[in-house]
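Worksheet for the structure shown next.
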Amino acid sequence: MAESVTITDNRTGQSIEVPIVEGGVSASEWSKLLPGIWFYDPGFSTTAECESAITYIDGDAGILRYRGYPIEQLAEHSTYLEVAYLLLYGELPTAAQLGPWVDEITRHTYIHENMRKRFLDGFHYDAHPMGMLVSEVAALSTFYPEAKEIFDADLRHKQIVRLIAKMPTLAAAAHRFSVGMPFVYPDNSLTFPENFLSMMWKVAEPSFEAHPVLARAIDVLFILHADHEQNCSTTTMRVVGSAHADPYSACAAAAAALYGPRHGGANEAVLNMLTSIGTIDAVPDFVKSVKEGHGRLQGFGHRVYKNYDPRAKIVRDVAYQVFEVTGKNPLLDIALKLEEVALADEYFVSRKLYPNVDFYSGLIYQAMGFPVAIFPVLFAIPRTAGWLAHWVEMLDNKTKIARPRQLYSGSAERPYVAIGERG
Ligand code: ACO
């Protein structure tokens, strides 16, 4: 049988057959038959916005791959910078490519002194680090006006390197400002995750030595968060980028989307939930109250995964390694009990609700000393690689400016009413 669908306009009897290609049907074929009739799809839950060769997800099977490589293998063997290269350029770097790539990133970690002194100093003392990060990234476009040349290959590459390199510096600067600590300059002798931890935690020691287990944990979490195909922030990146905005402005918009609690804030919600549950004994009653419609089990369920989120399994293993160093986060036992009770409960099983990546990541971050407010910032650092990979793909595919349609449901035409006659 042909892989196609037939659409019939019952008003006219006209039909067209549209082939199913790569699991989708072309909307342009539809619009030939039915001009002016739009698909109504709020939240784009059944719309493929683009064709992409970057990340593959099979939500039913719990599969996630970057450029064909299973996330489990990347998390075990790779580094964040290697994965960033893979996402951006399509292949794992050879030894001859990796060295210069890491070197280039390392040499672009500094930020302009005006950004550090004047721009940051302008924030209120209790500014949220994610709000600061969004503004810092947007401000970078004014420091690098040549970033507008998005079709110049060398300049495009330069902005990509700058963005990936400077995100940890901007993130740590926002954190240090919000806790009243002096800025720590990047240390080029350190690896990417070590340097980030140094900029976060260094106090008066000549050089900061991150515990290798913690540095590796951060690198693995960065790998797991580097891309997740057409999520809200990545779609924002593509939409803003489709107007040919410079990459800093587009990344700032994507980061703003990530700031939303429905997207980048779930791990904070998990911690709050576990804290409010308080004890293992209280877990069954809490699950019962969720089933009765009082709130949601935070860190459970996913729009795409209808199986265990493959990242959540890896994060749970990383949590045990981190707790060996930091001591166990007391909330872990509550989380494990919650998972056990939920996964044995018909309500969660029948709705295919499993732990997602956020269920355990907040526990790790908290055990490592990160304040809750910086959790979305920790997400934005690695997701920058994914945003940029999609931005490049969108530009190279000569994507049209994003401009969806609407179904108008407002008033029909009516004459202007003078103010004295309005009832
Ligand atoms: N706890 C309890 N019930 C849930 C949960 C949950 N976490 N998630 C979904 N459900 C139930 C809904 O009540 C609904 O039940 P019903 O059919 O009886 O009405 C059913 O499962 C389907 O839920 P939807 O809201 O339609 O699923 P959707 O795909 O739109 O939502 C989402 C996905 C937003 C992630 C949801 O599962 C949720 O709110 N989870 C908690 C928040 C969270 O962990 N977010 C992080 C996502 S991962 C990330 O962004 C990095």
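Residue names in the structure tokens use chain letters A, B, ... in the order shown, residue numbers from 1 in each chain, and ligand numbers from 1 in the order shown.
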
List every residue of stretch 294-419 of chain A that DSSP, applied to the backbone, labels as alpha helix (DSSP H), and write the result as a PyMOL selection string.
-> chain A and resi 310-326+332-343+346-350+358-367+375-396

Pick out the residues no farther than 9 Å from ligand 1, counting only C-alpha atoms and all ligand atoms, and list them as a short mmCIF file (atom, residue, chain, number, x, y, z; two decimals) with N, CA, C and O atoms, in the first residue's frame.
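Generated file (result-v9.cif):
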```cif
data_model
loop_
_atom_site.label_atom_id
_atom_site.label_comp_id
_atom_site.auth_asym_id
_atom_site.auth_seq_id
_atom_site.Cartn_x
_atom_site.Cartn_y
_atom_site.Cartn_z
N SER A 45 1.50 20.96 18.83
CA SER A 45 1.77 19.60 19.30
C SER A 45 1.70 18.56 18.18
O SER A 45 2.18 17.44 18.35
N HIS A 225 21.85 18.00 28.59
CA HIS A 225 20.98 19.16 28.36
C HIS A 225 21.32 19.90 27.06
O HIS A 225 20.73 20.94 26.78
N HIS A 228 17.50 19.04 22.61
CA HIS A 228 16.32 18.19 22.75
C HIS A 228 15.31 18.54 21.67
O HIS A 228 14.14 18.74 21.92
N ASN A 231 12.02 21.83 21.24
CA ASN A 231 11.38 22.28 22.49
C ASN A 231 11.08 23.78 22.40
O ASN A 231 11.42 24.44 21.41
N CYS A 232 10.50 24.32 23.46
CA CYS A 232 10.03 25.72 23.40
C CYS A 232 11.16 26.71 23.11
O CYS A 232 11.03 27.59 22.25
N LEU A 258 13.39 29.68 28.06
CA LEU A 258 13.84 28.68 29.03
C LEU A 258 13.59 29.13 30.47
O LEU A 258 13.51 28.31 31.39
N PRO A 261 8.77 28.68 33.96
CA PRO A 261 8.74 27.51 34.85
C PRO A 261 8.24 26.24 34.17
O PRO A 261 8.56 25.14 34.62
N ARG A 262 7.50 26.36 33.07
CA ARG A 262 7.05 25.14 32.40
C ARG A 262 8.19 24.47 31.64
O ARG A 262 8.07 23.35 31.18
N HIS A 263 9.27 25.21 31.41
CA HIS A 263 10.35 24.69 30.58
C HIS A 263 11.60 24.46 31.43
O HIS A 263 11.93 23.32 31.74
N GLY A 264 12.27 25.53 31.84
CA GLY A 264 13.56 25.36 32.54
C GLY A 264 13.44 25.33 34.05
O GLY A 264 14.46 25.21 34.73
N GLY A 265 12.24 25.43 34.58
CA GLY A 265 12.12 25.58 36.03
C GLY A 265 11.61 24.36 36.76
O GLY A 265 11.35 24.42 37.96
N ALA A 266 11.49 23.23 36.04
CA ALA A 266 10.85 22.07 36.70
C ALA A 266 11.72 21.47 37.80
O ALA A 266 11.18 20.97 38.79
N ASN A 267 13.06 21.52 37.65
CA ASN A 267 13.87 20.89 38.71
C ASN A 267 13.77 21.67 40.02
O ASN A 267 13.86 21.09 41.11
N ALA A 269 10.99 23.10 40.92
CA ALA A 269 9.68 22.67 41.43
C ALA A 269 9.79 21.30 42.11
O ALA A 269 9.11 21.03 43.10
N VAL A 270 10.68 20.43 41.58
CA VAL A 270 10.86 19.11 42.19
C VAL A 270 11.40 19.26 43.61
O VAL A 270 10.91 18.63 44.55
N VAL A 287 1.06 11.19 46.94
CA VAL A 287 0.69 10.61 45.64
C VAL A 287 -0.84 10.56 45.52
O VAL A 287 -1.41 10.88 44.47
N VAL A 290 -2.16 13.94 44.64
CA VAL A 290 -1.93 14.27 43.21
C VAL A 290 -3.00 13.59 42.35
O VAL A 290 -3.59 14.20 41.45
N LYS A 291 -3.27 12.33 42.67
CA LYS A 291 -4.28 11.58 41.90
C LYS A 291 -5.66 12.21 42.05
O LYS A 291 -6.51 12.10 41.15
N GLY A 293 -6.16 15.22 42.06
CA GLY A 293 -6.18 16.48 41.28
C GLY A 293 -5.55 17.66 41.99
O GLY A 293 -5.65 18.79 41.52
N HIS A 294 -4.87 17.41 43.15
CA HIS A 294 -4.23 18.52 43.85
C HIS A 294 -2.77 18.64 43.38
O HIS A 294 -1.87 18.04 43.95
N GLY A 295 -2.57 19.36 42.31
CA GLY A 295 -1.21 19.58 41.81
C GLY A 295 -0.70 18.41 41.00
O GLY A 295 -1.41 17.41 40.77
N ARG A 296 0.56 18.53 40.56
CA ARG A 296 1.18 17.49 39.74
C ARG A 296 2.41 16.94 40.42
O ARG A 296 2.99 17.60 41.29
N LEU A 297 2.78 15.76 40.01
CA LEU A 297 4.02 15.19 40.50
C LEU A 297 5.13 15.83 39.66
O LEU A 297 5.29 15.51 38.48
N GLN A 298 5.84 16.78 40.26
CA GLN A 298 6.86 17.51 39.50
C GLN A 298 8.00 16.58 39.11
O GLN A 298 8.39 15.71 39.89
N GLY A 299 8.53 16.79 37.88
CA GLY A 299 9.60 15.91 37.42
C GLY A 299 9.08 14.61 36.83
O GLY A 299 9.85 13.71 36.51
N PHE A 300 7.76 14.52 36.70
CA PHE A 300 7.14 13.35 36.09
C PHE A 300 6.36 13.77 34.85
O PHE A 300 5.73 14.83 34.85
N GLY A 301 6.39 12.92 33.85
CA GLY A 301 5.62 13.20 32.64
C GLY A 301 6.43 14.04 31.66
O GLY A 301 7.37 14.76 32.05
N HIS A 302 6.09 13.91 30.41
CA HIS A 302 6.79 14.67 29.37
C HIS A 302 5.92 14.69 28.12
O HIS A 302 5.24 13.71 27.83
N ARG A 303 5.94 15.81 27.41
CA ARG A 303 5.15 15.91 26.20
C ARG A 303 5.54 14.84 25.18
O ARG A 303 4.72 14.28 24.46
N VAL A 304 6.83 14.52 25.12
CA VAL A 304 7.30 13.59 24.09
C VAL A 304 7.53 12.18 24.66
O VAL A 304 7.14 11.19 24.05
N TYR A 305 8.19 12.10 25.82
CA TYR A 305 8.48 10.76 26.36
C TYR A 305 7.25 10.15 27.01
O TYR A 305 6.69 10.71 27.94
N LYS A 306 6.86 9.00 26.53
CA LYS A 306 5.79 8.24 27.17
C LYS A 306 6.43 6.97 27.71
O LYS A 306 5.87 5.88 27.67
N ASP A 309 12.34 8.73 30.67
CA ASP A 309 13.22 9.67 29.97
C ASP A 309 14.65 9.12 30.07
O ASP A 309 15.16 8.92 31.18
N TYR A 347 -2.62 4.95 38.07
CA TYR A 347 -2.84 6.30 37.55
C TYR A 347 -1.64 6.73 36.68
O TYR A 347 -1.82 7.20 35.56
N PHE A 348 -0.44 6.54 37.21
CA PHE A 348 0.75 6.99 36.48
C PHE A 348 1.10 6.03 35.34
O PHE A 348 1.52 6.45 34.27
N SER A 350 -1.00 4.11 33.58
CA SER A 350 -1.93 4.21 32.45
C SER A 350 -1.71 5.50 31.65
O SER A 350 -1.95 5.54 30.45
N ARG A 351 -1.21 6.54 32.31
CA ARG A 351 -0.95 7.81 31.60
C ARG A 351 0.49 7.90 31.10
O ARG A 351 0.91 8.93 30.58
N LYS A 352 1.22 6.82 31.27
CA LYS A 352 2.62 6.76 30.83
C LYS A 352 3.45 7.91 31.41
O LYS A 352 4.12 8.64 30.69
N LEU A 353 3.31 8.11 32.70
CA LEU A 353 4.05 9.18 33.38
C LEU A 353 5.26 8.58 34.08
O LEU A 353 5.12 7.78 35.00
N TYR A 354 6.43 8.95 33.60
CA TYR A 354 7.69 8.44 34.14
C TYR A 354 8.56 9.63 34.59
O TYR A 354 8.31 10.76 34.16
N PRO A 355 9.62 9.38 35.37
CA PRO A 355 10.50 10.49 35.75
C PRO A 355 11.13 11.11 34.50
O PRO A 355 11.50 10.39 33.56
N ASN A 356 11.19 12.43 34.47
CA ASN A 356 11.91 13.10 33.38
C ASN A 356 13.26 13.60 33.89
O ASN A 356 13.59 13.43 35.07
N VAL A 357 14.01 14.25 33.02
CA VAL A 357 15.40 14.65 33.34
C VAL A 357 15.48 15.51 34.59
O VAL A 357 16.49 15.52 35.30
N ASP A 358 14.39 16.22 34.88
CA ASP A 358 14.43 17.16 36.00
C ASP A 358 14.21 16.50 37.35
O ASP A 358 14.38 17.13 38.39
N PHE A 359 13.80 15.23 37.35
CA PHE A 359 13.43 14.62 38.62
C PHE A 359 14.63 14.52 39.57
O PHE A 359 14.51 14.76 40.76
N PHE A 379 20.99 25.14 32.94
CA PHE A 379 20.35 24.53 31.77
C PHE A 379 20.75 25.33 30.51
O PHE A 379 21.06 24.76 29.45
#
```

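Candidate residues A:Glu324, A:Glu104, A:Asp219, A:Glu51 were compared for distance to A:Leu74, and the nearest is A:Asp219, using only C-alpha atoms.
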
Exercise: A:Gly36 partners within 12 Å, only C-alpha atoms, chain neighbours under 3 positions left out, as a ChimeraX atom specification = /A:28,30-33,39,405-408

Skip A:Val220 itself and residues of its chain fewer than 2 positions away, then list as a list in words all residues within 8 Å of it, counting only C-alpha atoms.
->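 Listing them by chain and then by number gives Ala75, Glu76, Thr79, Tyr80, Arg216, Ala217, Ile218, Phe222, Ile223 and Leu224 of chain A.
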
Write out as a list in words the residues lying within 10 Å of A:His244, counting only C-alpha atoms and excluding same-chain residues fewer than 2 positions away.
->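 The neighbour list is Lys148, Glu149, Ile150, Phe151, Arg238, Val239, Val240, Gly241, Ser242, Asp246, Pro247, Ser249, Ala250, Trp391, Leu395 and Ile401 of chain A.
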